[in-house]
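Peer 1: One structure, pasted below without further comment.
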Amino acid sequence: MDRLADQAKAAVDLLSDRQVYGEVTKILGLLVEIAGFGQNLSIGSIVHLRPNDKTDVPCEVVGFKDGHALLMPFGTLEGIGLGCKAVIQDHMPVVTPDDSWLGRVINGMAQPIDGLGPLRQGGHAIPLKNKPPPPHQRQRMGHQLDLGVRAVNSFLATCQGQRMGIFSGSGVGKSVLLSMMAKYTDADVSVIGLVGERGREVQEFLEDDLGVEGLKRSVVVVATGDEPALMRRQAAYVTLAVAEYFRNEGKNVLCLMDSVTRFAMAQREIGLSAGEPPTSKGYPPTTFGELSRLLERAGPGQPGQGSITGLFSVLVEGDDHNEPISDAVRGIVDGHIMMEREIADRGRYPAINVLRSVSRSMPAALTDEQNAVIKRAKQIVTTYEDMAELIRLGAYRRGSDPAVDEAIQIYPNIEEFLAQDKDESNTIEESFQHLAKIIGMPYGRSEQFVPGAFDEIDDDG
């Protein structure tokens with residue numbers, strides 16, 4: 001009964017006791033000007049354009065000019081003309097998630113698009129542009145979160161409440177890596193935002209990559225690349241709002257977003273349309289502020305709450321890892337996973353460069369024994385990479401340097417360790433046991449291992 005009362009109260013709170021109208025005075029591209037709204041609008045307010053009883057085009061206020069409000073639509077402007085009635089929504093946009101949303105696919109307006117009927121509304125409204133918890137009230141990051149991917153579980157330990165960026169160019173495999181994490185993680189809930197995704201790939205992601213079991217404990221928010229910029233940006237806000245609901249319920253949430261770059265591109269379209277000056281690569285100043293506000297919402301909650309572990313993919317334009325969005329995101333998140341086309345070209349997936357990737361929760365997230373294993377493995381990889389060109393050219397003579405000789409012997413097995421099929425998963429302990437055996441270090445109760453072929457190592461050690 002209490003739950004029904006909360007749901008009824010939330011629904012009543014969203015009802016309006018009055019309606020304020022304006023009218024369309026100018027339409028230029030996707031920018032709509034309205035007048036007659038008095039003091040009832042602010043940046044972010046929602047306005048519904050209604051040329052007739054059957055048409056409703058929601059818009060958002062993105063600016064003001066000469067006493068008129070500037071709007072951008074969430075849909076198309078077909079049928080909208082001068083003098084069209086503009087109905088002003090007198091509350092800021094919110095969503096009311098519920099536990100029953102697990103297993104559902106919704107759009108940027110928090111409406112179901114999976115054909116499974118309407119969504120049950122929860123009893124607590126979450127603002128779409130919610131503020132993160134106060135810094136001094138946040139908990140510390142929790143223990144290491146198992147993500148099911150060997151390379152990440154070992155070389156890039158990620159704690160509950162940590163935020164990691166996944167950086168790569170197009171076609172390098174970041175979407176598949178995200179799907180593996182969503183499918184194999186031991187987090188309580190996964191909230192997945194597909195922002196600006198190709199429409200063809202959405203169903204493939206749900207059926208082939210995420211799978212039935214992964215979808216059961218996930219909420220998927222979708223805004224395809226053909227949708228308006230506001231809808232793509234809104235999908236990112238809805239993703240974080242849903243994740244915040246589950247965090248407030250005490251759950252440890254894995255929030256995946258693919259990709260932050262398309263969110264930034266949507267914000268660029270909105271900012272430039274509203275008249276903002278372009279700066280680096282055409283991005284207006286608000287883009288970088290919005291990035292920070294969005295990503296800061298992930299992380300540990302307040303005492304008594306759960307956490308949001310955020311994994312945000314960044315589509316690196318032109319394979320330039322120093323382009324503006326990549327640079328900005330790296331400065332906000334708590335670590336970065338660098339995926340490189342050269343590694344993918346030689347057939348190793350996921351194409352993670354473990355030497356260029358960083359997790360800021362390490363080494364505190366690992367035990368002394370695990371840190372020793374990672375340090376030793378990185379030394380071997382570094383030694384080989386430094387001499388790789390000479391080795392390929394045949395200019396290095398075996399026996400010249402014992403460390404290089406050892407690296408030549410072990411490196412192929414580490415490469416095989418880092419490779420992982422999307423239908424394969426490994427726990428944290430399994431990952432460290434395998435890696436320790438490859439580099440010849442004792443780990444736990446396992447005995448000293450003489451380096452050999454990785455495919456001869458079974459999961460039981």
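Identifiers for the structure tokens are assigned positionally: chains receive A, B, ... in sequence, residues are indexed from 1 per chain, and ligands are indexed from 1 in the order shown.
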Which parts of range 240-400 of chain A does DSSP call strand (DSSP E) when run on the backbone here, written out as a ChimeraX atom specification?
Peer 2: /A:252-258,299-300,307-315,335-338,358-359
Peer 1: Within 12 Å of range 180-192 of chain A, which residues of range 59-101 of chain A show up? Give each one with its shortest atom-to-atom distance in Å (one decimal) and the two atoms involved, counting only C-alpha atoms, rows by chain then rising residue number, as CSV.
Peer 2:
residue,atom,partner,partner_atom,distance
A:Pro97,CA,A:Val191,CA,11.8
A:Asp99,CA,A:Val189,CA,10.1
A:Trp101,CA,A:Val191,CA,10.3
Peer 1: Please provide as a ChimeraX atom specification all residues within 7 Å of range 306-318 of chain A, with the sequence filter that same-chain residues fewer than 4 positions apart are discarded (counting only C-alpha atoms).
Peer 2: /A:160-170,174,243,247-248,250-261,298-301,326
Peer 1: Next, write the just-selected residues to a file, as a short mmCIF file (atom, residue, chain, number, x, y, z; two decimals), in the first residue's frame, keeping N, CA and C atoms as the atom set.
Peer 2:
data_model
loop_
_atom_site.label_atom_id
_atom_site.label_comp_id
_atom_site.auth_asym_id
_atom_site.auth_seq_id
_atom_site.Cartn_x
_atom_site.Cartn_y
_atom_site.Cartn_z
N GLN A 160 34.11 -0.20 -7.08
CA GLN A 160 32.73 0.25 -7.04
C GLN A 160 32.70 1.75 -6.80
N GLY A 161 32.01 2.46 -7.67
CA GLY A 161 31.94 3.91 -7.57
C GLY A 161 33.00 4.64 -8.37
N GLN A 162 33.84 3.90 -9.10
CA GLN A 162 34.87 4.53 -9.93
C GLN A 162 34.29 4.90 -11.29
N ARG A 163 34.87 5.89 -11.94
CA ARG A 163 34.46 6.29 -13.29
C ARG A 163 35.64 6.09 -14.23
N MET A 164 35.42 5.32 -15.28
CA MET A 164 36.49 5.02 -16.23
C MET A 164 36.04 5.43 -17.64
N GLY A 165 36.97 5.99 -18.39
CA GLY A 165 36.72 6.29 -19.79
C GLY A 165 37.32 5.22 -20.68
N ILE A 166 36.60 4.82 -21.72
CA ILE A 166 37.10 3.85 -22.70
C ILE A 166 37.29 4.61 -24.01
N PHE A 167 38.54 4.80 -24.41
CA PHE A 167 38.88 5.66 -25.54
C PHE A 167 39.29 4.81 -26.74
N SER A 168 38.66 5.06 -27.88
CA SER A 168 39.07 4.35 -29.10
C SER A 168 38.48 5.04 -30.31
N GLY A 169 39.08 4.75 -31.47
CA GLY A 169 38.51 5.20 -32.72
C GLY A 169 37.34 4.32 -33.11
N SER A 170 36.72 4.63 -34.24
CA SER A 170 35.57 3.85 -34.68
C SER A 170 36.02 2.47 -35.15
N LYS A 174 35.00 -0.95 -28.89
CA LYS A 174 34.60 -0.48 -27.56
C LYS A 174 33.18 -0.91 -27.21
N ALA A 243 20.11 5.34 -13.20
CA ALA A 243 21.19 4.79 -12.37
C ALA A 243 21.13 5.37 -10.95
N ARG A 247 20.85 3.50 -7.31
CA ARG A 247 21.85 3.80 -6.28
C ARG A 247 21.17 4.22 -4.98
N ASN A 248 20.13 5.04 -5.09
CA ASN A 248 19.39 5.47 -3.90
C ASN A 248 18.71 4.30 -3.21
N GLY A 250 20.12 1.56 -2.71
CA GLY A 250 21.17 0.77 -2.06
C GLY A 250 21.86 -0.23 -2.97
N LYS A 251 21.62 -0.14 -4.28
CA LYS A 251 22.21 -1.09 -5.22
C LYS A 251 23.57 -0.57 -5.71
N ASN A 252 24.44 -1.52 -6.05
CA ASN A 252 25.69 -1.18 -6.74
C ASN A 252 25.42 -1.26 -8.24
N VAL A 253 25.46 -0.13 -8.90
CA VAL A 253 25.03 0.01 -10.29
C VAL A 253 26.24 0.12 -11.20
N LEU A 254 26.19 -0.59 -12.33
CA LEU A 254 27.18 -0.40 -13.39
C LEU A 254 26.50 0.42 -14.47
N CYS A 255 26.97 1.65 -14.68
CA CYS A 255 26.40 2.55 -15.69
C CYS A 255 27.34 2.60 -16.89
N LEU A 256 26.83 2.15 -18.03
CA LEU A 256 27.61 2.13 -19.27
C LEU A 256 27.01 3.14 -20.24
N MET A 257 27.85 3.95 -20.86
CA MET A 257 27.35 4.91 -21.85
C MET A 257 28.21 4.87 -23.11
N ASP A 258 27.55 4.68 -24.23
CA ASP A 258 28.22 4.62 -25.52
C ASP A 258 27.47 5.55 -26.49
N SER A 259 27.96 6.76 -26.76
CA SER A 259 29.23 7.24 -26.26
C SER A 259 29.07 8.68 -25.77
N VAL A 260 30.01 9.09 -24.93
CA VAL A 260 30.05 10.46 -24.40
C VAL A 260 30.32 11.46 -25.53
N THR A 261 31.06 11.03 -26.54
CA THR A 261 31.38 11.93 -27.66
C THR A 261 30.11 12.36 -28.39
N ALA A 298 27.93 10.16 -11.62
CA ALA A 298 28.33 8.79 -11.29
C ALA A 298 29.29 8.83 -10.11
N GLY A 299 29.40 7.71 -9.43
CA GLY A 299 30.32 7.63 -8.30
C GLY A 299 29.63 7.09 -7.06
N PRO A 300 30.31 7.09 -5.93
CA PRO A 300 29.72 6.60 -4.69
C PRO A 300 28.58 7.50 -4.24
N GLY A 301 27.60 6.89 -3.55
CA GLY A 301 26.49 7.66 -3.01
C GLY A 301 26.78 8.10 -1.60
N SER A 326 38.21 14.01 -25.81
CA SER A 326 39.03 13.01 -25.13
C SER A 326 39.83 13.65 -24.01
#
Peer 1: When you draw a straight line from CA of Ile391 in chain A to CA of Ile408 in chain A, how long is it in Å?
Peer 2: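 Pair CA of Ile391 in chain A / CA of Ile408 in chain A returns 8.6 Å.
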Peer 1: From the options A:Thr224, A:Gln89, A:Ser42, A:Asn153, which residue's atoms come nearest to Gly108 in chain A, counting only C-alpha atoms?
Peer 2: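 Among the listed residues, A:Thr224 lies closest to Gly108 in chain A.
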Peer 1: Please run DSSP on the backbone and report, as a list in words, all residues within range 52-197 of chain A that come out as alpha helix (DSSP H).
Peer 2: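 Selecting the alpha helix (DSSP H) positions of range 52-197 of chain A gives Arg150, Ala151, Val152, Asn153, Ser154, Phe155, Lys174, Ser175, Val176, Leu177, Leu178, Ser179, Met180, Met181, Ala182, Lys183 and Tyr184 of chain A.
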Peer 1: Go ahead and compute the interatomic distance for CA of Glu197 in chain A and CA of Ala157 in chain A, in Å to one decimal.
Peer 2: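 Value for the CA of Glu197 in chain A-CA of Ala157 in chain A distance: 27.7 Å.
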Peer 1: I'd like to know which of A:Ile374, A:Leu128, A:Leu418, A:Cys159 is closest to Arg297 in chain A, using only C-alpha atoms.
Peer 2: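 Nearest candidate to Arg297 in chain A out of A:Ile374, A:Leu128, A:Leu418, A:Cys159: A:Leu128.
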Peer 1: So that I can check the surroundings of Val57 in chain A, please list as a PyMOL selection string every protein, DNA and RNA residue that reaches within 10 Å of it, counting only C-alpha atoms and ignoring chain neighbours fewer than 4 positions away.
Peer 2: chain A and resi 47-51+73-80+86
Peer 1: In terms of the shortest atom-to-atom distance over only C-alpha atoms, which of A:Leu82, A:Asp386, A:Val242, A:Gly63 is closest to Ile126 in chain A?
Peer 2: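 The closest residue to Ile126 in chain A is A:Val242.
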Peer 1: Could you name the residues that touch Gly331 in chain A at 12 Å or less, counting only C-alpha atoms, but leaving out those on the same chain fewer than 3 positions away, as an mmCIF file with N, CA, C and O atoms, in the first residue's frame?
Peer 2:
data_model
loop_
_atom_site.group_PDB
_atom_site.id
_atom_site.type_symbol
_atom_site.label_atom_id
_atom_site.label_comp_id
_atom_site.auth_asym_id
_atom_site.auth_seq_id
_atom_site.Cartn_x
_atom_site.Cartn_y
_atom_site.Cartn_z
ATOM 1 N N ARG A 163 34.869 5.886 -11.936
ATOM 2 C CA ARG A 163 34.457 6.285 -13.293
ATOM 3 C C ARG A 163 35.641 6.094 -14.233
ATOM 4 O O ARG A 163 36.708 6.641 -13.998
ATOM 5 N N MET A 164 35.424 5.320 -15.275
ATOM 6 C CA MET A 164 36.486 5.017 -16.231
ATOM 7 C C MET A 164 36.045 5.427 -17.640
ATOM 8 O O MET A 164 34.886 5.223 -18.023
ATOM 9 N N GLY A 165 36.972 5.988 -18.395
ATOM 10 C CA GLY A 165 36.718 6.292 -19.789
ATOM 11 C C GLY A 165 37.319 5.221 -20.680
ATOM 12 O O GLY A 165 38.416 4.722 -20.404
ATOM 13 N N PHE A 288 31.780 21.587 -22.419
ATOM 14 C CA PHE A 288 32.709 21.036 -21.440
ATOM 15 C C PHE A 288 32.135 21.116 -20.029
ATOM 16 O O PHE A 288 32.386 20.241 -19.201
ATOM 17 N N LEU A 291 29.658 18.223 -19.831
ATOM 18 C CA LEU A 291 30.370 16.952 -19.672
ATOM 19 C C LEU A 291 30.705 16.700 -18.210
ATOM 20 O O LEU A 291 30.480 15.612 -17.675
ATOM 21 N N SER A 292 31.235 17.712 -17.553
ATOM 22 C CA SER A 292 31.613 17.563 -16.157
ATOM 23 C C SER A 292 30.398 17.304 -15.284
ATOM 24 O O SER A 292 30.414 16.434 -14.411
ATOM 25 N N LEU A 295 29.175 13.556 -15.925
ATOM 26 C CA LEU A 295 30.024 12.472 -15.441
ATOM 27 C C LEU A 295 30.176 12.492 -13.921
ATOM 28 O O LEU A 295 30.377 11.443 -13.305
ATOM 29 N N GLU A 296 30.072 13.673 -13.302
ATOM 30 C CA GLU A 296 30.190 13.759 -11.848
ATOM 31 C C GLU A 296 29.008 13.100 -11.143
ATOM 32 O O GLU A 296 29.086 12.786 -9.949
ATOM 33 N N ASN A 322 44.232 13.167 -28.267
ATOM 34 C CA ASN A 322 44.338 14.465 -27.616
ATOM 35 C C ASN A 322 43.322 15.467 -28.152
ATOM 36 O O ASN A 322 43.445 16.668 -27.897
ATOM 37 N N PRO A 324 39.716 17.515 -28.329
ATOM 38 C CA PRO A 324 39.158 18.214 -27.165
ATOM 39 C C PRO A 324 38.298 17.366 -26.229
ATOM 40 O O PRO A 324 38.438 17.462 -25.009
ATOM 41 N N ILE A 325 37.402 16.527 -26.758
ATOM 42 C CA ILE A 325 36.513 15.763 -25.886
ATOM 43 C C ILE A 325 37.294 14.699 -25.124
ATOM 44 O O ILE A 325 37.100 14.513 -23.916
ATOM 45 N N SER A 326 38.206 14.006 -25.812
ATOM 46 C CA SER A 326 39.032 13.011 -25.131
ATOM 47 C C SER A 326 39.835 13.648 -24.012
ATOM 48 O O SER A 326 39.934 13.111 -22.903
ATOM 49 N N ASP A 327 40.411 14.805 -24.299
ATOM 50 C CA ASP A 327 41.236 15.490 -23.309
ATOM 51 C C ASP A 327 40.401 15.911 -22.105
ATOM 52 O O ASP A 327 40.818 15.774 -20.951
ATOM 53 N N ALA A 328 39.189 16.411 -22.368
ATOM 54 C CA ALA A 328 38.323 16.863 -21.281
ATOM 55 C C ALA A 328 37.864 15.693 -20.416
ATOM 56 O O ALA A 328 37.887 15.771 -19.183
ATOM 57 N N ASP A 334 38.178 8.772 -13.438
ATOM 58 C CA ASP A 334 39.169 8.228 -12.503
ATOM 59 C C ASP A 334 40.081 7.191 -13.157
ATOM 60 O O ASP A 334 40.602 6.311 -12.478
ATOM 61 N N GLY A 335 40.247 7.295 -14.447
ATOM 62 C CA GLY A 335 41.106 6.347 -15.155
ATOM 63 C C GLY A 335 40.662 6.232 -16.602
ATOM 64 O O GLY A 335 39.552 6.633 -16.963
ATOM 65 N N HIS A 336 41.529 5.699 -17.443
ATOM 66 C CA HIS A 336 41.181 5.579 -18.853
ATOM 67 C C HIS A 336 41.703 4.270 -19.421
ATOM 68 O O HIS A 336 42.803 3.820 -19.109
ATOM 69 N N ARG A 360 43.059 4.902 -11.614
ATOM 70 C CA ARG A 360 43.539 5.707 -10.489
ATOM 71 C C ARG A 360 43.235 5.082 -9.143
ATOM 72 O O ARG A 360 43.639 5.625 -8.116
#
Peer 1: Neighbouring residues of Ser273 in chain A were defined as those with any atom within 12 Å, considering only C-alpha atoms; residues of the same chain fewer than 2 positions away were excluded. Please report them as a ChimeraX atom specification.
Peer 2: /A:27-33,61-64,70-73,229-230,266-271,275-278,282-284
